[in-house]
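What follows is a single structure, written as structure tokens, with notes after it.
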Amino acid sequence: MNDAGRRLFIPVTRDTLPRVSEKYPFLYLERGRLEIDDSSIKWLDADGNRVRLPVATLNTLLLGPDTSITHEAVKVAAASNCSVCWVGEDSLLFYAAGILPTANTRRLQRQARLSSDPKLSLEVAHALFARRFPEADVSGRSLQELMGMEGRRVQQLYAEMAETYHVGWKGRSYTPGRFELSDVTNQILTATNAALYGILCSCVHSLGYSPHLGFIHSGSPLPFIYDLADLYKRELCIDLAFSMTHTLAGEYNKYAVMDAFRTRVIENGLLEKVPKDLEELIGEDRGRRHRQ
């Protein structure tokens, strides 16, 4: 994709690398090779450019399509406490993550402590719902009451979007493995939700948290990702799905949908919001309050 302005991540060059004084959350790479040269990791892209990567200043390398990495490069990254994730283009899909034996688990321990304590977990759930519905009084509500309130509000949101964009809406539907059976609006919702989950998986792993320890959702592979995704779905997925239905004239086009989704992610500053939101929701301040 030549239009770099529509990509979530800018090309890696010497000028775009993070400063040594910073510990950068992640670096996305695609269409190239990571290997060792003079005991440091070098990035060789498809155009023949060669860039030395300061892995000691990176939390995570996100490896996109057509990217390879040598065994020695993995060893050097691990020695520098830089983890590796394998993702789709622009991290819109998340495939796997390498776990570092020496990784700092401070954030993971805090998340585990908060999620395993019923009282503390409910406090985080209240904070998540308060972010989504600032006008609602969520104090004193049980998790079941909060989820019931959420269900009603989401249904209302779908109805409002359908009326705003003059879209016929029969409800949310998706049959696993039968994507084509859904109408265009539901297809866009399914595709953009999956892309949002991919980005959030990369962010959560990069910042040292776990996608498996949630506060609202449970009984699913990625409960914390689903908790976070609900903070951003209205603008990034739901509004986009209804607004694009007429644009696509009844025929789903994955390239147009993903291009529009990338644009929304950039305009909404998602990659800047997620670390701040995580810190506010389950960061050191919350952990410190509960130790006092």
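Chain labels run A, B, ... following the order of the structure tokens; each chain numbers its residues from 1, and ligands are numbered from 1 in the order shown.
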
All alpha helix (DSSP H) positions in stretch 126-275 of chain A, as a ChimeraX atom specification = /A:126-132,143-164,184-206,223-233,239-247,254-267,270-275

Q.
Neighbouring residues of A:Arg172 were defined as those with any atom within 8 Å, considering only C-alpha atoms; residues of the same chain fewer than 2 positions away were excluded. Please report them as an NGL selection string.
A. :A and (170 or 174 or 186)

Contacts of stretch 41-46 of chain A at 8 Å or less, counting only C-alpha atoms, minus same-chain residues fewer than 5 places along, as an MDAnalysis selection string?
chainID A and resid 30:36 51:55 73 76:77

What would the file look like if the residues just selected were written as an mmCIF file, in the first residue's frame with N, CA and C atoms?
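Everything below was put into out.cif:
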```cif
data_model
loop_
_atom_site.group_PDB
_atom_site.id
_atom_site.type_symbol
_atom_site.label_atom_id
_atom_site.label_comp_id
_atom_site.auth_asym_id
_atom_site.auth_seq_id
_atom_site.Cartn_x
_atom_site.Cartn_y
_atom_site.Cartn_z
ATOM 1 N N GLU A 30 7.176 -4.866 8.331
ATOM 2 C CA GLU A 30 6.587 -5.761 7.327
ATOM 3 C C GLU A 30 7.461 -5.792 6.082
ATOM 4 N N ARG A 31 7.386 -6.926 5.382
ATOM 5 C CA ARG A 31 8.065 -7.119 4.100
ATOM 6 C C ARG A 31 9.576 -6.868 4.203
ATOM 7 N N GLY A 32 10.204 -7.701 4.986
ATOM 8 C CA GLY A 32 11.643 -7.588 5.150
ATOM 9 C C GLY A 32 12.167 -8.700 6.031
ATOM 10 N N ARG A 33 13.403 -8.525 6.499
ATOM 11 C CA ARG A 33 14.074 -9.576 7.249
ATOM 12 C C ARG A 33 14.837 -8.980 8.428
ATOM 13 N N LEU A 34 14.758 -9.657 9.559
ATOM 14 C CA LEU A 34 15.513 -9.276 10.744
ATOM 15 C C LEU A 34 16.640 -10.285 10.936
ATOM 16 N N GLU A 35 17.869 -9.783 11.037
ATOM 17 C CA GLU A 35 19.007 -10.666 11.215
ATOM 18 C C GLU A 35 20.066 -9.966 12.057
ATOM 19 N N ILE A 36 21.127 -10.687 12.379
ATOM 20 C CA ILE A 36 22.189 -10.164 13.235
ATOM 21 C C ILE A 36 23.380 -9.714 12.393
ATOM 22 N N VAL A 51 18.595 -0.940 8.311
ATOM 23 C CA VAL A 51 18.466 -0.078 9.484
ATOM 24 C C VAL A 51 18.795 -0.882 10.737
ATOM 25 N N ARG A 52 19.654 -0.342 11.569
ATOM 26 C CA ARG A 52 19.953 -0.988 12.850
ATOM 27 C C ARG A 52 18.851 -0.647 13.843
ATOM 28 N N LEU A 53 18.302 -1.651 14.523
ATOM 29 C CA LEU A 53 17.196 -1.438 15.450
ATOM 30 C C LEU A 53 17.685 -1.425 16.894
ATOM 31 N N PRO A 54 17.339 -0.392 17.644
ATOM 32 C CA PRO A 54 17.728 -0.318 19.062
ATOM 33 C C PRO A 54 16.759 -1.120 19.925
ATOM 34 N N VAL A 55 16.849 -2.457 19.871
ATOM 35 C CA VAL A 55 15.852 -3.294 20.543
ATOM 36 C C VAL A 55 15.843 -3.091 22.052
ATOM 37 N N ALA A 73 18.541 -13.442 15.868
ATOM 38 C CA ALA A 73 17.855 -12.175 16.122
ATOM 39 C C ALA A 73 16.856 -12.319 17.269
ATOM 40 N N VAL A 76 18.864 -12.210 20.535
ATOM 41 C CA VAL A 76 19.294 -10.863 20.914
ATOM 42 C C VAL A 76 18.118 -10.041 21.430
ATOM 43 N N ALA A 77 16.958 -10.171 20.766
ATOM 44 C CA ALA A 77 15.769 -9.445 21.220
ATOM 45 C C ALA A 77 15.380 -9.888 22.630
#
```

Each stretch 105-210 of chain A residue no farther than 10 Å from stretch 253-257 of chain A, nearest pair in Å, only C-alpha atoms, as CSV:
```
residue,atom,partner,partner_atom,distance
A:Val184,CA,A:Asn253,CA,9.2
A:Gln187,CA,A:Lys254,CA,9.3
A:Ile188,CA,A:Val257,CA,6.9
A:Leu189,CA,A:Val257,CA,9.9
A:Ala191,CA,A:Lys254,CA,8.1
A:Thr192,CA,A:Val257,CA,7.8
```

Please save C-alpha atoms of the selected residues as a short mmCIF file (atom, residue, chain, number, x, y, z; two decimals), in the first residue's frame.
```
data_model
loop_
_atom_site.label_atom_id
_atom_site.label_comp_id
_atom_site.auth_asym_id
_atom_site.auth_seq_id
_atom_site.Cartn_x
_atom_site.Cartn_y
_atom_site.Cartn_z
CA VAL A 184 -23.39 -5.83 4.60
CA GLN A 187 -20.22 -8.00 7.70
CA ILE A 188 -18.56 -4.62 8.30
CA LEU A 189 -19.20 -4.92 12.04
CA ALA A 191 -14.59 -7.40 10.10
CA THR A 192 -13.86 -4.15 11.94
#
```

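Shortest atom-to-atom contact with A:Glu89 among A:Met258, A:Cys201, A:Val124, A:Ala136: A:Met258, counting only C-alpha atoms.
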
Review point. Skipping near chain neighbours, those fewer than 2 positions away, what residues fall within 8 Å of stretch 112-118 of chain A using only C-alpha atoms, listed as a VMD selection string?
Key: chain A and resid 108 to 110 120 to 122 124 213 to 215 282 287

Can you tell me which residues surround A:Glu145 at a distance of at most 12 Å, considering only C-alpha atoms, apart from same-chain residues fewer than 6 positions away, and format the answer as a PDB file with N, CA and C atoms, in the first residue's frame?
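Wrote selection.pdb, looks like this:
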```
ATOM      1  N   LEU A 122     -14.842  -5.562  40.339  1.00  0.00           N
ATOM      2  CA  LEU A 122     -16.079  -4.808  40.098  1.00  0.00           C
ATOM      3  C   LEU A 122     -15.790  -3.318  40.007  1.00  0.00           C
ATOM      4  N   ALA A 125     -14.655  -2.748  36.578  1.00  0.00           N
ATOM      5  CA  ALA A 125     -15.823  -2.842  35.699  1.00  0.00           C
ATOM      6  C   ALA A 125     -16.632  -1.559  35.746  1.00  0.00           C
ATOM      7  N   HIS A 126     -16.821  -0.997  36.952  1.00  0.00           N
ATOM      8  CA  HIS A 126     -17.525   0.278  37.085  1.00  0.00           C
ATOM      9  C   HIS A 126     -16.803   1.376  36.299  1.00  0.00           C
ATOM     10  N   PHE A 129     -17.481   0.928  32.542  1.00  0.00           N
ATOM     11  CA  PHE A 129     -18.830   1.354  32.160  1.00  0.00           C
ATOM     12  C   PHE A 129     -18.984   2.866  32.287  1.00  0.00           C
ATOM     13  N   ASP A 137     -25.558   6.514  36.152  1.00  0.00           N
ATOM     14  CA  ASP A 137     -25.092   6.252  37.510  1.00  0.00           C
ATOM     15  C   ASP A 137     -24.832   4.754  37.647  1.00  0.00           C
ATOM     16  N   VAL A 138     -23.551   4.387  37.698  1.00  0.00           N
ATOM     17  CA  VAL A 138     -23.209   2.964  37.773  1.00  0.00           C
ATOM     18  C   VAL A 138     -22.796   2.558  39.183  1.00  0.00           C
ATOM     19  N   SER A 139     -22.750   3.493  40.108  1.00  0.00           N
ATOM     20  CA  SER A 139     -22.320   3.180  41.474  1.00  0.00           C
ATOM     21  C   SER A 139     -23.301   2.218  42.124  1.00  0.00           C
ATOM     22  N   GLY A 151     -26.481  -4.018  27.457  1.00  0.00           N
ATOM     23  CA  GLY A 151     -27.221  -4.646  26.363  1.00  0.00           C
ATOM     24  C   GLY A 151     -28.315  -3.741  25.822  1.00  0.00           C
ATOM     25  N   ARG A 152     -29.056  -3.107  26.724  1.00  0.00           N
ATOM     26  CA  ARG A 152     -30.138  -2.214  26.293  1.00  0.00           C
ATOM     27  C   ARG A 152     -29.593  -1.002  25.556  1.00  0.00           C
ATOM     28  N   ILE A 216     -15.072  -7.715  32.842  1.00  0.00           N
ATOM     29  CA  ILE A 216     -16.494  -7.774  32.501  1.00  0.00           C
ATOM     30  C   ILE A 216     -16.792  -9.075  31.766  1.00  0.00           C
TER      31      ILE A 216
END
```

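Within the 8 Å cut-off around A:Phe261, using only C-alpha atoms and omitting residues fewer than 6 positions from it on the same chain, the listed residues are A:Thr192, A:Leu236, A:Cys237, A:Leu240.
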
Of A:Arg262, A:Lys119, A:Arg107, A:Arg131, the one sitting nearest A:Ile199 when using only C-alpha atoms is A:Arg262

Of A:Leu200, A:Leu92, A:Leu181, A:Leu207, the one sitting nearest A:Leu222 when using only C-alpha atoms is A:Leu200

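Take the candidates A:Gly283, A:Thr245, A:Glu150, A:Ile69 and check each one against A:Gly168 using only C-alpha atoms; the shortest distance goes to A:Thr245.
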
Check your understanding: Can you list, as a ChimeraX atom specification, every residue of stretch 48-168 of chain A that DSSP puts in strand (DSSP E or B)?
Key -> /A:50-52,58-63,67-69,83-87,94-97

Please write the residues from the selection above to a file, keeping N, CA and C atoms, as a PDB file, in the first residue's frame.
```
ATOM      1  N   ARG A  50      18.745  -0.786   4.901  1.00  0.00           N
ATOM      2  CA  ARG A  50      19.293  -1.506   6.041  1.00  0.00           C
ATOM      3  C   ARG A  50      19.312  -0.564   7.249  1.00  0.00           C
ATOM      4  N   VAL A  51      18.595  -0.940   8.311  1.00  0.00           N
ATOM      5  CA  VAL A  51      18.466  -0.078   9.484  1.00  0.00           C
ATOM      6  C   VAL A  51      18.795  -0.882  10.737  1.00  0.00           C
ATOM      7  N   ARG A  52      19.654  -0.342  11.569  1.00  0.00           N
ATOM      8  CA  ARG A  52      19.953  -0.988  12.850  1.00  0.00           C
ATOM      9  C   ARG A  52      18.851  -0.647  13.843  1.00  0.00           C
ATOM     10  N   LEU A  58      12.957  -0.946  22.945  1.00  0.00           N
ATOM     11  CA  LEU A  58      11.648  -1.369  22.461  1.00  0.00           C
ATOM     12  C   LEU A  58      11.040  -2.414  23.394  1.00  0.00           C
ATOM     13  N   ASN A  59       9.744  -2.291  23.644  1.00  0.00           N
ATOM     14  CA  ASN A  59       9.045  -3.333  24.391  1.00  0.00           C
ATOM     15  C   ASN A  59       8.746  -4.532  23.509  1.00  0.00           C
ATOM     16  N   THR A  60       8.328  -4.265  22.255  1.00  0.00           N
ATOM     17  CA  THR A  60       7.840  -5.343  21.395  1.00  0.00           C
ATOM     18  C   THR A  60       8.106  -5.046  19.929  1.00  0.00           C
ATOM     19  N   LEU A  61       8.480  -6.073  19.189  1.00  0.00           N
ATOM     20  CA  LEU A  61       8.535  -6.026  17.734  1.00  0.00           C
ATOM     21  C   LEU A  61       7.271  -6.680  17.192  1.00  0.00           C
ATOM     22  N   LEU A  62       6.532  -5.958  16.374  1.00  0.00           N
ATOM     23  CA  LEU A  62       5.345  -6.507  15.715  1.00  0.00           C
ATOM     24  C   LEU A  62       5.731  -6.889  14.292  1.00  0.00           C
ATOM     25  N   LEU A  63       5.721  -8.170  13.995  1.00  0.00           N
ATOM     26  CA  LEU A  63       6.155  -8.653  12.687  1.00  0.00           C
ATOM     27  C   LEU A  63       4.947  -8.880  11.790  1.00  0.00           C
ATOM     28  N   THR A  67       7.496 -11.063   6.637  1.00  0.00           N
ATOM     29  CA  THR A  67       8.628 -10.730   7.500  1.00  0.00           C
ATOM     30  C   THR A  67       9.228 -12.007   8.049  1.00  0.00           C
ATOM     31  N   SER A  68      10.545 -12.107   8.029  1.00  0.00           N
ATOM     32  CA  SER A  68      11.230 -13.257   8.602  1.00  0.00           C
ATOM     33  C   SER A  68      12.224 -12.774   9.646  1.00  0.00           C
ATOM     34  N   ILE A  69      12.560 -13.654  10.567  1.00  0.00           N
ATOM     35  CA  ILE A  69      13.497 -13.314  11.634  1.00  0.00           C
ATOM     36  C   ILE A  69      14.380 -14.521  11.906  1.00  0.00           C
ATOM     37  N   SER A  83      10.050  -8.282  23.377  1.00  0.00           N
ATOM     38  CA  SER A  83       9.251  -9.425  22.949  1.00  0.00           C
ATOM     39  C   SER A  83       8.904  -9.316  21.471  1.00  0.00           C
ATOM     40  N   VAL A  84       8.365 -10.397  20.920  1.00  0.00           N
ATOM     41  CA  VAL A  84       8.047 -10.470  19.498  1.00  0.00           C
ATOM     42  C   VAL A  84       6.610 -10.960  19.337  1.00  0.00           C
ATOM     43  N   CYS A  85       5.849 -10.271  18.484  1.00  0.00           N
ATOM     44  CA  CYS A  85       4.488 -10.687  18.147  1.00  0.00           C
ATOM     45  C   CYS A  85       4.382 -10.841  16.630  1.00  0.00           C
ATOM     46  N   TRP A  86       3.592 -11.820  16.204  1.00  0.00           N
ATOM     47  CA  TRP A  86       3.350 -12.030  14.777  1.00  0.00           C
ATOM     48  C   TRP A  86       1.929 -11.577  14.473  1.00  0.00           C
ATOM     49  N   VAL A  87       1.791 -10.613  13.562  1.00  0.00           N
ATOM     50  CA  VAL A  87       0.506  -9.958  13.314  1.00  0.00           C
ATOM     51  C   VAL A  87       0.234  -9.850  11.816  1.00  0.00           C
ATOM     52  N   PHE A  94      -4.063 -10.581  14.899  1.00  0.00           N
ATOM     53  CA  PHE A  94      -3.035 -10.969  15.861  1.00  0.00           C
ATOM     54  C   PHE A  94      -2.930 -12.485  15.854  1.00  0.00           C
ATOM     55  N   TYR A  95      -1.710 -13.005  15.631  1.00  0.00           N
ATOM     56  CA  TYR A  95      -1.540 -14.443  15.499  1.00  0.00           C
ATOM     57  C   TYR A  95      -0.895 -15.084  16.724  1.00  0.00           C
ATOM     58  N   ALA A  96       0.225 -14.548  17.183  1.00  0.00           N
ATOM     59  CA  ALA A  96       0.951 -15.190  18.271  1.00  0.00           C
ATOM     60  C   ALA A  96       1.910 -14.197  18.912  1.00  0.00           C
ATOM     61  N   ALA A  97       2.377 -14.557  20.108  1.00  0.00           N
ATOM     62  CA  ALA A  97       3.339 -13.718  20.816  1.00  0.00           C
ATOM     63  C   ALA A  97       4.391 -14.595  21.470  1.00  0.00           C
TER      64      ALA A  97
END
```

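For the set A:Phe224, A:Phe242, A:Phe133, A:Tyr232, the residue with the smallest atom-to-atom gap to A:His166 is A:Phe242, counting only C-alpha atoms.
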